[in-house]
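Notes follow the structure.
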Amino acid sequence: MSSVLRQLSAQVIPVIRMQEAETALTAVDWLHEGGIEIFEITASVPGYLEVIAELAERKDLLVGAGTLLSAEDAHNAVKAGARFLVSPCLVPEVIEAGTEAGIPVIPGTATPTEALQAHRLGADAVKVFPARQLGGPGYLKALRSVLPDIAVIPTGGIELDEVDGYFAAGAYAVGMGATGHPGRGWRGPD
């Protein structure tokens, strides 16, 4: 297990999906002031590679890239300084690119078949997405009962008051998203 993956253990990982790069940086600063050090910056953030590059220079943060859909996305994220890669679904070429670069890859999965396939392709952990819509902690507990050796990170629709339930069900970490603009209709975890 990589040191980066060990750092993700038992953490809530903010998934930063903002409409502006500057807003994403502001959200990271606010969350970091609250003690969070791990962030996933999604490819849906305009200029996300520049955001990752700027944040990667900070030694007090662990920054990954999310919503990666191709090997090119993965290679660009690695060049920008991403320390882990996340995809919303099972994309074998993203797993391959991360493995080649020596950094953890966390592909999105929804079924036990996808989770096992991702694991066999070299994924370091799997993202269960959309966790809430798939059945929440109950689904995660059932998945972990048949695949206990795969680190599972649920994300998608998780509310802050549900986090403990996901950890009790066997989550390795929990991803929580935020969208919008701080100060102008910004909403926190979704």
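Naming scheme: A, B, ... for chains in displayed order of the structure tokens; residues 1 onward per chain; ligands 1 onward as shown.
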
If you count only C-alpha atoms, which residues fall within 8 Å of Ala56 in chain A, apart from same-chain ones fewer than 6 positions away, as a PDB file with C-alpha atoms, in the first residue's frame?
ATOM      1  CA  LEU A  62      -2.140  16.208  -0.594  1.00  0.00           C
ATOM      2  CA  VAL A  63      -3.841  16.977  -3.904  1.00  0.00           C
ATOM      3  CA  ALA A  80       0.553  19.064 -12.962  1.00  0.00           C
ATOM      4  CA  GLY A  81       1.507  17.418  -9.667  1.00  0.00           C
ATOM      5  CA  ALA A  82      -1.507  15.278  -8.734  1.00  0.00           C
TER       6      ALA A  82
END

Strand (DSSP E) positions in range 3-181 of chain A, given as a PyMOL selection string: chain A and resi 12-16+38-42+62-66+85-86+105-106+108-109+126-128+152-154+174-178

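From CA of Arg58 in chain A back to CA of Ile103 in chain A, the distance works out to 18.0 Å.
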
Name all residues at most 10 Å from Gln7 in chain A (count only C-alpha atoms; drop same-chain ones fewer than 3 positions away) and give them as a PyMOL selection string. chain A and resi 2-4+10-11+37-38+62+173

Can I get the selection written as a PDB file, in the first residue's frame, with C-alpha atoms?
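And here is the file that came out, out_15.pdb:
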ATOM      1  CA  SER A   2       1.401   3.379  -0.977  1.00  0.00           C
ATOM      2  CA  SER A   3       2.084   6.099   1.566  1.00  0.00           C
ATOM      3  CA  VAL A   4      -0.410   8.330  -0.249  1.00  0.00           C
ATOM      4  CA  ALA A  10     -10.231   7.241   7.589  1.00  0.00           C
ATOM      5  CA  GLN A  11     -10.337  10.700   6.002  1.00  0.00           C
ATOM      6  CA  GLU A  37      -5.167  18.498   4.105  1.00  0.00           C
ATOM      7  CA  ILE A  38      -6.399  16.155   1.346  1.00  0.00           C
ATOM      8  CA  LEU A  62      -2.140  16.208  -0.594  1.00  0.00           C
ATOM      9  CA  ALA A 173     -12.294   6.996   3.338  1.00  0.00           C
TER      10      ALA A 173
END

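Within 12 Å of Thr111 in chain A, once only C-alpha atoms are used and residues closer than 4 positions along the same chain are dropped, the contacting residues are Cys89, Leu90, Ala115, Leu116, Gln117, Ala118, Val126, Lys127, Val128, Phe129, Pro130, Ala131, Leu134, Gly135, Tyr139, Leu140, Ala142, Leu143, Arg144, Val146, Leu147 and Val152 of chain A.
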
Provide the CA of Val15 in chain A to CA of Glu114 in chain A distance in Å, to one decimal place. 21.7 Å

As a PyMOL selection string, please: the residues near Gly175 in chain A (cut-off 9 Å, only C-alpha atoms, same-chain neighbours under 4 positions excluded). chain A and resi 11-15+40+127+153-156+158

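If you look at CA of Ala101 in chain A and CA of Ser44 in chain A, they are 22.4 Å away from each other.
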
Using 12 Å as the limit and counting only C-alpha atoms, can you tabulate each residue of range 40-153 of chain A that touches range 21-35 of chain A, with its shortest atom-to-atom distance in Å and the two atoms involved, as CSV?
residue,atom,partner,partner_atom,distance
A:Glu40,CA,A:Val28,CA,9.7
A:Ile41,CA,A:Ala24,CA,8.0
A:Thr42,CA,A:Ala24,CA,9.7
A:Ala43,CA,A:Ala21,CA,10.7
A:Ser44,CA,A:Ala21,CA,9.9
A:Val45,CA,A:Ala21,CA,6.1
A:Pro46,CA,A:Ala21,CA,5.7
A:Gly47,CA,A:Ala21,CA,6.0
A:Tyr48,CA,A:Ala21,CA,6.7
A:Leu49,CA,A:Ala21,CA,9.6
A:Glu50,CA,A:Ala21,CA,8.3
A:Val51,CA,A:Ala21,CA,6.4
A:Ile52,CA,A:Leu25,CA,9.3
A:Ala53,CA,A:Leu25,CA,11.3
A:Glu54,CA,A:Leu25,CA,8.9
A:Leu55,CA,A:Leu25,CA,8.0
A:Ala56,CA,A:Leu25,CA,11.8
A:Arg58,CA,A:Asp29,CA,11.3
A:Asp60,CA,A:His32,CA,9.1
A:Leu61,CA,A:His32,CA,8.3
A:Leu62,CA,A:His32,CA,10.8
A:Val63,CA,A:Val28,CA,10.1

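Nearest residue to Gly177 in chain A among A:His75, A:Arg17, A:His119, A:Arg132 is A:Arg17, counting only C-alpha atoms.
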
Write out as a ChimeraX atom specification all residues of chain A that DSSP puts in alpha helix (DSSP H) for this structure's backbone. /A:3-8,21-33,48-56,71-80,92-101,112-120,131-134,136-146,163-168
